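Undergrad: Following this line is structure23.txt, made up of compact mmCIF, C-alpha atoms and all ligand atoms:
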```txt
# COMPACT_ATOMS: atom_id res chain seq x y z
CA MET P 19 -13.98 0.99 19.66
CA LYS P 20 -15.50 -1.67 21.88
CA ILE P 21 -17.88 -4.31 20.57
CA GLU P 22 -20.85 -4.72 22.90
CA GLN P 23 -22.85 -7.87 23.43
CA GLN P 24 -25.97 -6.43 21.80
CA HIS P 25 -24.02 -5.66 18.60
CA ILE P 26 -23.01 -9.28 18.29
CA GLU P 27 -26.46 -10.59 19.15
CA GLY P 28 -27.95 -8.26 16.56
CA VAL P 29 -25.78 -9.66 13.77
CA ASN P 30 -26.12 -13.25 15.00
CA LYS P 31 -29.88 -13.10 14.42
CA SER P 32 -29.52 -13.40 10.67
CA TYR P 33 -27.34 -16.51 10.93
CA LEU P 34 -29.25 -18.27 13.68
CA LYS P 35 -31.68 -20.36 11.63
CA SER P 36 -29.18 -21.89 9.24
CA HIS P 37 -26.71 -22.37 12.08
CA GLN P 38 -29.27 -24.32 14.07
CA GLU P 39 -29.93 -26.65 11.12
CA ASN P 40 -26.24 -27.25 10.47
CA TYR P 41 -25.44 -27.71 14.14
CA ASP P 42 -28.31 -30.18 14.74
CA PHE P 43 -27.18 -32.26 11.78
CA LEU P 44 -23.59 -32.40 13.01
CA ALA P 45 -24.49 -32.92 16.66
CA ASN P 46 -26.74 -35.86 15.68
CA ASN P 47 -24.03 -37.48 13.61
CA LEU P 48 -21.42 -37.10 16.32
CA THR P 49 -23.73 -38.30 19.08
CA GLN P 50 -24.47 -41.41 17.03
CA LYS P 51 -20.74 -42.05 16.95
CA GLY P 52 -20.71 -41.94 20.74
CA ILE P 53 -19.12 -38.50 21.04
CA ASN P 54 -20.07 -36.37 24.02
CA ILE P 55 -20.96 -32.99 22.51
CA SER P 56 -21.09 -30.91 25.68
CA ASN P 57 -17.66 -32.19 26.66
CA LEU P 58 -16.36 -31.18 23.24
CA LEU P 59 -17.96 -27.73 23.45
CA GLY P 60 -16.47 -27.23 26.91
CA LYS P 61 -12.97 -27.95 25.58
CA LEU P 62 -13.39 -25.61 22.63
CA LYS P 63 -14.61 -22.79 24.86
CA ALA P 64 -11.69 -23.23 27.23
CA PHE P 65 -9.05 -23.12 24.48
CA GLN P 66 -7.66 -19.58 24.41
CA VAL P 67 -4.83 -18.37 22.21
CA ALA P 68 -2.68 -15.33 22.92
CA ILE P 69 -2.37 -12.58 20.32
CA PRO P 70 1.09 -11.05 20.16
CA SER P 71 1.24 -7.31 20.59
CA TRP P 72 3.20 -7.03 17.33
CA ALA P 73 0.55 -8.67 15.16
CA LEU P 74 -2.12 -5.97 15.21
CA GLY P 75 -0.54 -3.83 12.54
CA ALA P 76 0.48 -4.74 9.02
CA GLY P 77 3.72 -6.68 8.80
CA GLY P 78 6.11 -6.44 5.95
CA THR P 79 9.20 -7.86 4.39
CA ARG P 80 12.67 -6.46 4.11
CA PHE P 81 11.60 -5.01 0.76
CA GLY P 82 8.80 -2.91 2.10
CA ARG P 83 5.73 -2.57 4.22
CA PHE P 84 2.27 -1.65 3.02
CA SER P 85 0.43 -0.16 5.92
CA TYR P 86 -3.13 -0.90 6.85
CA TYR P 87 -5.33 1.99 7.82
CA GLY P 88 -6.40 2.70 11.38
CA GLU P 89 -3.58 0.61 12.85
CA PRO P 90 -3.05 0.81 16.60
CA SER P 91 -0.29 3.18 17.72
CA SER P 92 -0.09 2.39 21.42
CA LEU P 93 -0.21 -0.67 23.64
CA GLU P 94 -3.65 0.43 24.83
CA GLN P 95 -4.96 0.49 21.26
CA LYS P 96 -3.42 -2.92 20.59
CA ILE P 97 -5.21 -4.33 23.61
CA GLN P 98 -8.43 -2.73 22.37
CA ASP P 99 -7.95 -4.53 19.05
CA ILE P 100 -7.48 -7.83 20.87
CA GLY P 101 -10.67 -7.01 22.78
CA ILE P 102 -12.47 -6.82 19.42
CA LEU P 103 -11.04 -10.17 18.36
CA HIS P 104 -11.99 -11.74 21.66
CA ALA P 105 -15.51 -10.33 21.68
CA LEU P 106 -16.17 -11.81 18.24
CA THR P 107 -14.36 -15.14 18.57
CA GLN P 108 -14.26 -15.74 22.34
CA THR P 109 -10.96 -17.53 21.76
CA ALA P 110 -8.40 -14.69 21.96
CA GLY P 111 -8.41 -14.12 25.70
CA ALA P 112 -4.72 -13.30 26.09
CA VAL P 113 -1.98 -10.96 24.88
CA SER P 114 1.72 -11.70 24.58
CA LEU P 115 3.98 -8.66 24.86
CA HIS P 116 7.26 -8.11 23.08
CA ILE P 117 9.66 -6.00 25.09
CA PRO P 118 10.81 -3.30 24.40
CA TRP P 119 8.33 -2.89 21.53
CA ASP P 120 5.40 -2.67 23.96
CA ILE P 121 6.48 -1.56 27.42
CA PRO P 122 3.45 -0.38 29.40
CA GLU P 123 3.67 3.20 30.60
CA ASP P 124 0.87 3.04 33.13
CA TYR P 125 0.70 -0.52 34.46
CA ALA P 126 -2.48 -0.07 36.44
CA ALA P 127 -4.31 1.43 33.46
CA VAL P 128 -3.12 -1.28 31.05
CA LYS P 129 -4.12 -4.01 33.50
CA GLU P 130 -7.53 -2.48 34.05
CA LEU P 131 -8.14 -2.14 30.32
CA ALA P 132 -7.18 -5.79 29.71
CA GLU P 133 -9.26 -7.02 32.61
CA GLY P 134 -12.31 -5.15 31.33
CA LEU P 135 -11.93 -6.94 28.01
CA ASN P 136 -11.31 -10.31 29.67
CA ILE P 137 -7.75 -10.50 28.38
CA LYS P 138 -4.88 -12.09 30.34
CA PHE P 139 -1.17 -11.42 29.99
CA ASP P 140 0.50 -14.52 28.61
CA ALA P 141 4.21 -15.09 27.98
CA VAL P 142 6.43 -12.02 27.69
CA ASN P 143 8.98 -12.05 24.89
CA SER P 144 12.46 -10.60 25.22
CA ASN P 145 14.23 -9.01 22.28
CA THR P 146 17.98 -9.23 21.88
CA PHE P 147 17.83 -9.46 18.11
CA GLN P 148 17.87 -5.69 17.61
CA ASP P 149 19.96 -2.97 19.13
CA GLN P 150 17.94 -0.85 21.50
CA LYS P 151 18.06 2.92 21.70
CA ASP P 152 20.89 4.17 23.92
CA ALA P 153 22.14 0.64 24.55
CA LYS P 154 25.81 0.46 25.39
CA GLU P 155 26.54 -2.79 23.58
CA THR P 156 25.52 -4.05 20.15
CA TYR P 157 23.94 -7.40 19.30
CA LYS P 158 25.35 -7.37 15.79
CA TYR P 159 27.46 -10.44 16.56
CA GLY P 160 25.11 -12.12 18.97
CA SER P 161 23.54 -11.59 22.37
CA LEU P 162 23.48 -14.43 24.92
CA SER P 163 26.12 -16.27 22.87
CA ASN P 164 28.41 -13.30 22.28
CA THR P 165 32.13 -13.77 22.87
CA ASN P 166 32.16 -10.43 24.69
CA GLU P 167 31.02 -10.77 28.29
CA ALA P 168 29.68 -7.22 28.49
CA VAL P 169 27.26 -7.96 25.63
CA ARG P 170 26.13 -11.17 27.27
CA GLN P 171 25.56 -9.35 30.55
CA GLN P 172 23.48 -6.68 28.82
CA ALA P 173 21.33 -9.36 27.16
CA ILE P 174 20.93 -11.27 30.43
CA GLN P 175 19.89 -8.08 32.21
CA HIS P 176 17.36 -7.30 29.47
CA ASN P 177 15.73 -10.70 30.01
CA LEU P 178 15.60 -10.10 33.77
CA ASP P 179 13.98 -6.71 33.10
CA VAL P 180 11.40 -8.40 30.88
CA ILE P 181 10.56 -10.85 33.66
CA ASN P 182 10.08 -7.91 35.96
CA ILE P 183 7.73 -6.19 33.51
CA GLY P 184 5.74 -9.39 32.99
CA ASN P 185 5.54 -9.98 36.71
CA GLN P 186 3.78 -6.66 37.22
CA LEU P 187 1.13 -7.67 34.68
CA GLY P 188 0.49 -11.23 35.84
CA SER P 189 2.47 -13.08 33.14
CA LYS P 190 3.89 -16.43 34.14
CA SER P 191 6.43 -17.18 31.43
CA LEU P 192 9.30 -15.69 29.50
CA THR P 193 9.90 -16.62 25.87
CA VAL P 194 13.47 -16.37 24.67
CA TRP P 195 14.16 -16.42 20.96
CA LEU P 196 17.70 -15.69 19.85
CA ALA P 197 18.79 -14.55 16.43
CA ASP P 198 22.34 -15.50 17.46
CA GLY P 199 24.35 -17.37 14.88
CA SER P 200 26.73 -16.69 12.05
CA CYS P 201 26.51 -15.55 8.46
CA PHE P 202 29.62 -17.28 7.12
CA PRO P 203 31.68 -20.40 7.82
CA GLY P 204 34.42 -19.83 10.33
CA GLN P 205 32.79 -16.74 11.82
CA ASN P 206 31.76 -18.53 15.03
CA ASN P 207 33.10 -21.31 17.15
CA PHE P 208 29.95 -23.46 17.41
CA GLN P 209 30.94 -24.92 20.78
CA THR P 210 31.80 -21.58 22.39
CA ALA P 211 28.58 -20.03 21.09
CA LEU P 212 26.44 -22.82 22.54
CA GLN P 213 28.34 -22.90 25.83
CA ASN P 214 27.96 -19.12 26.26
CA THR P 215 24.26 -19.38 25.47
CA GLU P 216 23.77 -22.14 28.03
CA ASN P 217 25.58 -20.17 30.73
CA SER P 218 23.61 -17.00 29.94
CA LEU P 219 20.28 -18.86 29.97
CA LYS P 220 21.18 -20.33 33.35
CA GLU P 221 21.72 -16.80 34.69
CA ILE P 222 18.29 -15.74 33.43
CA TYR P 223 16.76 -18.92 34.83
CA LYS P 224 18.09 -18.00 38.27
CA GLY P 225 16.00 -14.81 38.10
CA LEU P 226 12.72 -16.61 37.28
CA PRO P 227 10.03 -16.32 39.96
CA SER P 228 9.18 -19.75 41.38
CA ASP P 229 5.84 -20.01 39.53
CA TRP P 230 7.29 -18.92 36.17
CA SER P 231 8.60 -20.93 33.26
CA MET P 232 11.17 -20.13 30.61
CA LEU P 233 10.32 -21.07 27.03
CA ILE P 234 13.22 -21.56 24.64
CA GLU P 235 12.30 -21.05 20.99
CA TYR P 236 14.38 -22.54 18.18
CA LYS P 237 14.70 -21.68 14.51
CA PRO P 238 17.02 -23.09 11.83
CA TYR P 239 17.95 -19.89 10.02
CA GLU P 240 17.13 -16.19 9.55
CA PRO P 241 18.44 -13.61 10.22
CA ASN P 242 21.68 -15.59 10.20
CA PHE P 243 22.01 -17.72 7.10
CA TYR P 244 24.96 -19.96 7.84
CA SER P 245 24.37 -21.14 11.40
CA THR P 246 21.98 -20.46 14.26
CA VAL P 247 22.95 -21.28 17.84
CA ILE P 248 19.52 -22.62 18.89
CA GLN P 249 18.75 -24.18 15.54
CA ASP P 250 16.39 -27.04 16.34
CA TRP P 251 14.26 -28.76 18.97
CA GLY P 252 17.18 -30.91 20.07
CA THR P 253 19.27 -27.88 20.95
CA SER P 254 16.35 -26.21 22.67
CA PHE P 255 15.59 -29.43 24.60
CA MET P 256 19.24 -29.75 25.63
CA LEU P 257 19.30 -26.16 26.90
CA ALA P 258 15.99 -26.54 28.72
CA ASN P 259 17.31 -29.64 30.48
CA ALA P 260 20.53 -27.85 31.37
CA CYS P 261 18.58 -24.96 32.93
CA GLY P 262 16.14 -26.99 35.01
CA GLU P 263 12.56 -28.12 35.46
CA LYS P 264 10.99 -24.71 34.80
CA ALA P 265 12.61 -24.45 31.36
CA TYR P 266 10.83 -25.82 28.29
CA SER P 267 11.06 -25.89 24.51
CA LEU P 268 8.80 -23.73 22.40
CA VAL P 269 7.69 -24.88 18.95
CA ASP P 270 6.98 -22.25 16.30
CA LEU P 271 5.40 -23.95 13.30
CA GLY P 272 7.42 -21.85 10.84
CA HIS P 273 10.76 -22.69 12.43
CA HIS P 274 11.52 -25.97 10.69
CA LEU P 275 13.29 -27.00 7.55
CA PRO P 276 10.90 -28.10 4.79
CA ASN P 277 9.13 -31.42 5.38
CA SER P 278 10.17 -31.73 9.03
CA ASN P 279 7.80 -33.99 10.92
CA ILE P 280 6.56 -31.37 13.40
CA GLU P 281 3.89 -33.64 14.87
CA GLN P 282 6.57 -36.13 15.89
CA ILE P 283 8.65 -33.35 17.50
CA VAL P 284 5.60 -32.22 19.47
CA SER P 285 4.85 -35.75 20.56
CA ILE P 286 8.37 -36.52 21.80
CA LEU P 287 8.71 -33.22 23.65
CA MET P 288 5.42 -33.90 25.45
CA LEU P 289 6.48 -37.42 26.35
CA LYS P 290 9.54 -35.89 27.99
CA GLY P 291 7.42 -33.21 29.71
CA LYS P 292 9.31 -30.43 27.96
CA LEU P 293 6.89 -28.76 25.56
CA GLY P 294 6.04 -25.39 27.10
CA GLY P 295 4.78 -23.17 24.33
CA PHE P 296 3.53 -23.00 20.81
CA HIS P 297 3.56 -20.35 18.07
CA PHE P 298 0.98 -20.85 15.34
CA ASN P 299 1.37 -19.77 11.72
CA ASP P 300 1.68 -21.47 8.34
CA SER P 301 4.33 -21.52 5.69
CA LYS P 302 5.08 -22.57 2.16
CA TYR P 303 8.83 -21.98 2.16
CA GLY P 304 10.33 -20.91 5.49
CA ASP P 305 9.29 -18.71 8.39
CA ASP P 306 6.61 -17.16 6.19
CA ASP P 307 4.30 -16.31 9.11
CA LEU P 308 1.19 -16.88 6.99
CA THR P 309 -2.35 -17.31 8.26
CA VAL P 310 -2.70 -20.51 10.31
CA GLY P 311 -4.11 -23.37 8.23
CA SER P 312 -3.88 -21.48 4.95
CA ILE P 313 -1.29 -23.79 3.33
CA LYS P 314 -1.11 -27.13 5.14
CA PRO P 315 -4.31 -27.69 7.11
CA TYR P 316 -3.85 -31.49 7.25
CA ALA P 317 -0.40 -31.05 8.78
CA LEU P 318 -1.93 -28.73 11.36
CA PHE P 319 -4.53 -31.38 12.18
CA LEU P 320 -1.85 -34.04 12.61
CA ILE P 321 0.04 -31.72 14.96
CA PHE P 322 -3.12 -31.13 16.96
CA ASN P 323 -3.74 -34.84 17.06
CA GLU P 324 -0.42 -35.23 18.91
CA LEU P 325 -1.13 -32.21 21.11
CA VAL P 326 -4.50 -33.66 22.13
CA TYR P 327 -2.92 -37.06 22.76
CA GLY P 328 -0.24 -35.40 24.88
CA MET P 329 -2.74 -33.28 26.82
CA GLN P 330 -4.70 -36.45 27.61
CA ASN P 331 -1.81 -38.81 28.32
CA ASN P 332 1.19 -36.77 29.45
CA PRO P 333 0.53 -35.28 32.90
CA GLN P 334 4.31 -34.73 33.08
CA ASN P 335 3.90 -31.95 30.49
CA PRO P 336 2.63 -28.53 31.65
CA ASP P 337 -0.26 -26.55 30.19
CA LEU P 338 0.96 -24.87 27.05
CA ALA P 339 1.31 -21.17 26.25
CA TRP P 340 -0.49 -20.89 22.90
CA MET P 341 0.19 -17.90 20.67
CA ILE P 342 -0.37 -16.84 17.06
CA ASP P 343 2.88 -15.67 15.50
CA ALA P 344 1.82 -14.51 12.08
CA SER P 345 2.38 -11.44 9.99
CA HIS P 346 -0.15 -9.80 7.72
CA ASN P 347 1.22 -8.16 4.61
CA VAL P 348 -1.84 -7.74 2.42
CA LYS P 349 -4.84 -8.45 4.64
CA ASP P 350 -6.56 -6.49 7.36
CA PRO P 351 -4.60 -7.78 10.39
CA LEU P 352 -7.74 -8.31 12.46
CA GLU P 353 -9.47 -10.30 9.72
CA ASP P 354 -6.32 -12.35 9.26
CA LEU P 355 -6.16 -13.10 12.99
CA ILE P 356 -9.82 -14.12 13.00
CA GLN P 357 -9.03 -16.57 10.20
CA SER P 358 -6.08 -17.96 12.18
CA LEU P 359 -8.14 -18.32 15.35
CA GLU P 360 -10.81 -20.20 13.42
CA ALA P 361 -8.23 -22.50 11.81
CA ILE P 362 -6.72 -23.33 15.20
CA GLN P 363 -10.10 -24.18 16.71
CA GLU P 364 -11.00 -26.22 13.65
CA ALA P 365 -7.85 -28.34 13.85
CA TYR P 366 -8.30 -28.74 17.60
CA ALA P 367 -11.94 -29.80 17.25
CA LYS P 368 -11.08 -32.34 14.55
CA ALA P 369 -8.28 -33.77 16.67
CA LEU P 370 -10.72 -34.13 19.56
CA LEU P 371 -12.90 -36.27 17.27
CA VAL P 372 -10.20 -38.89 16.76
CA ASN P 373 -11.30 -42.08 18.42
CA GLN P 374 -8.17 -42.81 20.45
CA THR P 375 -9.34 -46.23 21.61
CA GLU P 376 -10.04 -47.44 18.09
CA LEU P 377 -6.79 -45.93 16.86
CA LYS P 378 -4.82 -47.75 19.51
CA GLU P 379 -6.49 -51.02 18.63
CA ALA P 380 -5.83 -50.54 14.92
CA GLN P 381 -2.21 -49.73 15.70
CA LEU P 382 -1.86 -52.88 17.81
CA ASN P 383 -3.34 -54.91 14.95
CA ASN P 384 -1.02 -53.19 12.49
CA ASP P 385 -4.12 -52.29 10.51
CA VAL P 386 -2.50 -49.45 8.62
CA VAL P 387 -5.54 -48.73 6.48
CA LYS P 388 -7.81 -48.47 9.51
CA CYS P 389 -5.35 -46.15 11.26
CA GLN P 390 -5.42 -43.79 8.31
CA GLU P 391 -9.22 -44.06 8.00
CA ILE P 392 -9.66 -43.06 11.64
CA LEU P 393 -7.54 -39.95 11.27
CA GLN P 394 -9.03 -38.95 7.95
CA ASP P 395 -12.58 -39.53 9.10
CA ALA P 396 -12.00 -36.98 11.88
CA TYR P 397 -10.21 -34.60 9.52
CA ARG P 398 -12.94 -34.73 6.89
CA THR P 399 -15.70 -33.85 9.37
CA ASP P 400 -16.94 -30.31 8.87
CA VAL P 401 -16.72 -29.08 12.47
CA ARG P 402 -17.52 -25.43 11.73
CA PRO P 403 -21.05 -25.60 13.21
CA LEU P 404 -19.49 -26.90 16.43
CA LEU P 405 -17.12 -23.94 16.61
CA ALA P 406 -19.99 -21.58 15.92
CA GLN P 407 -22.03 -23.18 18.69
CA ALA P 408 -19.14 -22.86 21.15
CA ARG P 409 -18.84 -19.17 20.24
CA LEU P 410 -22.57 -18.64 20.50
CA GLU P 411 -22.72 -20.17 23.97
CA SER P 412 -19.82 -17.94 25.07
CA GLY P 413 -21.45 -14.77 23.72
CA GLY P 414 -19.38 -14.59 20.54
CA ALA P 415 -20.29 -14.22 16.88
CA LEU P 416 -21.71 -17.04 14.80
CA SER P 417 -19.75 -15.72 11.86
CA PRO P 418 -16.83 -13.60 13.12
CA ILE P 419 -15.51 -12.32 9.78
CA ASN P 420 -18.94 -11.37 8.49
CA SER P 421 -19.81 -9.75 11.81
CA TYR P 422 -16.54 -7.82 11.75
CA ARG P 423 -17.47 -6.46 8.34
CA ARG P 424 -21.10 -5.82 9.11
CA LEU P 425 -20.21 -3.96 12.30
CA ASN P 426 -17.87 -1.75 10.24
CA VAL P 427 -15.02 -2.33 12.64
CA ARG P 428 -12.19 -1.15 10.40
CA GLU P 429 -14.15 1.89 9.23
CA THR P 430 -14.81 2.85 12.86
CA LEU P 431 -11.17 2.38 13.80
CA ILE P 432 -10.12 4.61 10.92
CA GLU P 433 -12.64 7.21 12.03
CA GLU P 434 -11.34 7.07 15.60
CA ARG P 435 -7.62 6.82 14.92
CA GLY P 436 -7.30 8.34 11.49
CA LYS P 437 -6.28 6.65 8.28
CA TYR P 438 -2.58 7.18 8.76
CA THR P 439 -1.50 6.47 12.32
CA VAL P 440 1.94 6.54 13.92
CA ALA P 441 2.22 2.87 12.99
CA THR P 442 1.85 3.73 9.28
CA GLY P 443 5.21 5.42 9.29
CA LEU P 444 4.17 7.80 6.49
C1 LIG Q 1 11.18 -15.23 15.32
C2 LIG Q 1 9.88 -15.17 15.99
C3 LIG Q 1 10.02 -15.07 17.50
C4 LIG Q 1 9.99 -13.59 17.69
C5 LIG Q 1 8.86 -13.21 16.73
C6 LIG Q 1 8.73 -11.75 16.42
O1 LIG Q 1 11.07 -15.53 13.96
O2 LIG Q 1 9.07 -16.26 15.62
O3 LIG Q 1 8.96 -15.69 18.16
O4 LIG Q 1 9.78 -13.21 18.99
O5 LIG Q 1 9.16 -14.00 15.60
MN MN Q 2 7.81 -17.33 17.08
MN MN Q 3 9.30 -16.76 13.51
```
Can the structure in the file be given as structure tokens, please?

TA:
Amino acid sequence: MKIEQQHIEGVNKSYLKSHQENYDFLANNLTQKGINISNLLGKLKAFQVAIPSWALGAGGTRFGRFSYYGEPSSLEQKIQDIGILHALTQTAGAVSLHIPWDIPEDYAAVKELAEGLNIKFDAVNSNTFQDQKDAKETYKYGSLSNTNEAVRQQAIQHNLDVINIGNQLGSKSLTVWLADGSCFPGQNNFQTALQNTENSLKEIYKGLPSDWSMLIEYKPYEPNFYSTVIQDWGTSFMLANACGEKAYSLVDLGHHLPNSNIEQIVSILMLKGKLGGFHFNDSKYGDDDLTVGSIKPYALFLIFNELVYGMQNNPQNPDLAWMIDASHNVKDPLEDLIQSLEAIQEAYAKALLVNQTELKEAQLNNDVVKCQEILQDAYRTDVRPLLAQARLESGGALSPINSYRRLNVRETLIEERGKYTVATGL
């Protein structure tokens, strides 16, 4: 299924009048505050977030998976699904592949399909957290950190293969996330594990094309529950520095211990020019991979506030690779992703409203109340008409979720692909 422009325009008609009223009201208010609306709209339109190839089907937990009907079974179908998301939201213009889950068979065809849907290939993700079919060595006791050199070599080679795959598609970065760690005290020598990881990452780094970057993701626990080799931003930062200037840290919102100050982590990494990528999701307990903004929207806004500050003040930091890293256990994956995309844009738009000059002045005067007022004034602004206007001007839907339902997207996908697809596993 492909959503055509006239489908979207048709549905938009019924929302146009009320949108115009809401947008005019907001635009007037913001203009009175001295905010340049067209500048704001331009930034919102330019902000594109990659959809990971593994997020288009229903997720699951280790206790079970409840499939969603009409799920995509091939990489081509996954890209088609992202095309639907992008057509409606105009903010999902990229795909992030996980290798070997989604190795293209016909590169030219996959590239052509993506191009036709205006989708770019963002970071490619390697996978050394599972054993692969016919692999000689096992990752049961670690990959890049393994005490056995043959295992490390296999994992290094896999990462080099992933770079090669990404290179053929136009990707410019490799994301490395390691499950390496230990389940019980005494199982690992912490120092050896970290040293091996550093050496292995340096080998991979040597194979990076000159215009590529390597993004090192951290996570405190899971699947290992006693220790994880790359457990936090400090370890990731240390490894990125050891590798070189093309290596960066990647922040996944779910990869922190409860109550960590993620906005401060983001800010410091950007100051040091070492924040390279970002995985969006939300969580109540751990790496829950819930819909972005569904649990802690104010925290998301505060994180965006630092991201916006960094993008405006830290030229030493590169452009970031943005990606949604969420899992959908009970919702239609496409509807869930639309909700995440909207939440990201909302937090971004609110952060763009923060008056940085006034905030700086209030900070210098130690006017704590004013500082808080400035942030909360931006946060409490209902920016949804602004997002809708940005979508409208880009050819997207005024109301993506409602349009998705009114265009019977899921029903059509089920008709085309069948209720139970290969992805269902039934
Ligand atoms: C690990 C992670 C990492 C993986 C993805 C599937 O928890 O966040 O980014 O590649 O999930
Ligand atoms: Mn992640
Ligand atoms: Mn994760």

Undergrad: At a cut-off of 9 Å and counting only C-alpha atoms and all ligand atoms, what residues surround ligand MN 2 (chain Q)? Please answer as a list of chain:residue names.

TA: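 Counting only C-alpha atoms and all ligand atoms, the residues within 9 Å of ligand MN 2 (chain Q) come out as P:Trp195, P:Glu235, P:Tyr236, P:Lys237, P:Leu268, P:Val269, P:Asp270, P:Leu271, P:Gly272, P:His273, P:Phe296, P:His297, P:Phe298, P:Asn299, P:Asp305, P:Asp307, P:Met341, P:Ile342, P:Asp343, P:Ala344.
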
Undergrad: Rounded to one decimal place, report the CA of Trp119 (chain P)-CA of Ile181 (chain P) distance in Å.

TA: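 Separation between CA of Trp119 (chain P) and CA of Ile181 (chain P): 14.7 Å.
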
Undergrad: Would you list the contacts of Lys158 (chain P) as a list in words, taking every protein, DNA or RNA residue within 8 Å and counting all atoms listed in the file, but skipping same-chain residues closer than 2 positions in sequence?

TA: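 Answer for this query is Gln148, Asp149, Thr156 and Gly160 of chain P.
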
Undergrad: Pick out the closest residue to Asn242 (chain P) from this set: P:Gln205, P:Asn185, P:Ser345, P:Ser85. Count all atoms listed in the file.

TA: P:Gln205

Undergrad: What is the distance between CA of Asp350 (chain P) and CA of Ser114 (chain P), in Å to one decimal?

TA: 19.8 Å

Undergrad: Counting all atoms listed in the file, which residues sit no farther than 8 Å from the position (23.8, -24.3, 33.0) in the file's frame? I'd like them as an MDAnalysis selection string.

TA: chainID P and resid 216:221 257 260:261

Undergrad: Quick check, in Å to one decimal: how far apart do CA of Arg83 (chain P) and CA of Pro118 (chain P) lie?

TA: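 Atom-to-atom, CA of Arg83 (chain P) and CA of Pro118 (chain P) are spaced 20.8 Å apart.
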
Undergrad: Just checking: using all atoms listed in the file, which residue out of P:Val67, P:Leu196, P:Ala153, P:Met288 ends up closest to ligand MN 3 (chain Q)?

TA: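 For ligand MN 3 (chain Q), the nearest of the given residues is P:Leu196.
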
Undergrad: Of the candidates P:Trp340, P:Tyr422, P:Tyr266, P:Tyr239, which one gets nearest to ligand MN 3 (chain Q) if we count all atoms listed in the file?

TA: P:Tyr239

Undergrad: Counting all atoms listed in the file, which of P:Ile321, P:Leu106, P:Ala126, P:Leu393 gets nearest to Ser421 (chain P)?

TA: P:Leu106

Undergrad: Of the candidates P:Gln209, P:Ser200, P:Asn30, P:Gln249, which shows the shortest atom-to-atom distance to ligand LIG 1 (chain Q), using all atoms listed in the file?

TA: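 Using all atoms listed in the file, ligand LIG 1 (chain Q) sits closest to P:Gln249.
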
Undergrad: Write out as a list of chain:residue names each polymer residue whose atoms come within 12 Å of Ala76 (chain P), counting all atoms listed in the file; drop sequence neighbours fewer than 4 positions from it.

TA: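 In the requested format, the answer is P:Ser71, P:Trp72, P:Gly82, P:Arg83, P:Phe84, P:Ser85, P:Tyr86, P:Tyr87, P:Gly88, P:Glu89, P:Pro90, P:Ser91, P:Ala344, P:Ser345, P:His346, P:Asn347, P:Val348, P:Lys349, P:Asp350, P:Pro351, P:Leu352, P:Glu353, P:Asp354, P:Leu355, P:Thr439, P:Ala441, P:Thr442, P:Gly443.
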
Undergrad: Asp99 (chain P): which residues within 8 Å, counting only C-alpha atoms, same-chain residues fewer than 3 positions away excluded, as a list in words?

TA: Leu74, Pro90, Gln95, Lys96, Ile102, Leu103 and Leu352 of chain P

Undergrad: Choose the residue, out of P:Gly262, P:Pro241, P:Pro122, P:Gly184, that has the smallest atom-to-atom separation from ligand MN 3 (chain Q); count only C-alpha atoms and all ligand atoms.

TA: P:Pro241

Undergrad: Identify, on the basis of all atoms listed in the file, every residue whose closest approach to Pro203 (chain P) does not exceed 12 Å; exclude the query and any residue fewer than 2 positions from it along the same chain; express the result as JSON, numbers by chain.

TA: {"P": [199, 200, 201, 205, 206, 207, 208, 242, 243, 244, 245, 246]}

Undergrad: Within 8 Å of Thr430 (chain P), counting only C-alpha atoms, which residues show up once you throw out same-chain ones fewer than 4 positions away? Write them as a PyMOL selection string, please.

TA: chain P and resi 19+426+434

Undergrad: Counting only C-alpha atoms, write as a list in words all protein and nucleic acid residues lying at most 10 Å from (14.7, -9.4, 28.7) in the file's frame.

TA: His116, Ile117, Pro118, Val142, Asn143, Ser144, Asn145, Thr146, Gln172, Ala173, Ile174, Gln175, His176, Asn177, Leu178, Asp179, Val180, Ile181, Asn182, Ile183, Gly184, Leu192, Thr193, Val194 and Ile222 of chain P

Undergrad: Could the residues in this selection be written to a file with C-alpha atoms, as a tab-separated table (two decimals), keeping the file's coordinate frame?

TA:
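The file below, again_20.tsv, is the result:
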```tsv
chain	number	residue	atom	x	y	z
P	116	HIS	CA	7.26	-8.11	23.08
P	117	ILE	CA	9.66	-6.00	25.09
P	118	PRO	CA	10.81	-3.30	24.40
P	142	VAL	CA	6.43	-12.02	27.69
P	143	ASN	CA	8.98	-12.05	24.89
P	144	SER	CA	12.46	-10.60	25.22
P	145	ASN	CA	14.23	-9.01	22.28
P	146	THR	CA	17.98	-9.23	21.88
P	172	GLN	CA	23.48	-6.68	28.82
P	173	ALA	CA	21.33	-9.36	27.16
P	174	ILE	CA	20.93	-11.27	30.43
P	175	GLN	CA	19.89	-8.08	32.21
P	176	HIS	CA	17.36	-7.30	29.47
P	177	ASN	CA	15.73	-10.70	30.01
P	178	LEU	CA	15.60	-10.10	33.77
P	179	ASP	CA	13.98	-6.71	33.10
P	180	VAL	CA	11.40	-8.40	30.88
P	181	ILE	CA	10.56	-10.85	33.66
P	182	ASN	CA	10.08	-7.91	35.96
P	183	ILE	CA	7.73	-6.19	33.51
P	184	GLY	CA	5.74	-9.39	32.99
P	192	LEU	CA	9.30	-15.69	29.50
P	193	THR	CA	9.90	-16.62	25.87
P	194	VAL	CA	13.47	-16.37	24.67
P	222	ILE	CA	18.29	-15.74	33.43
```
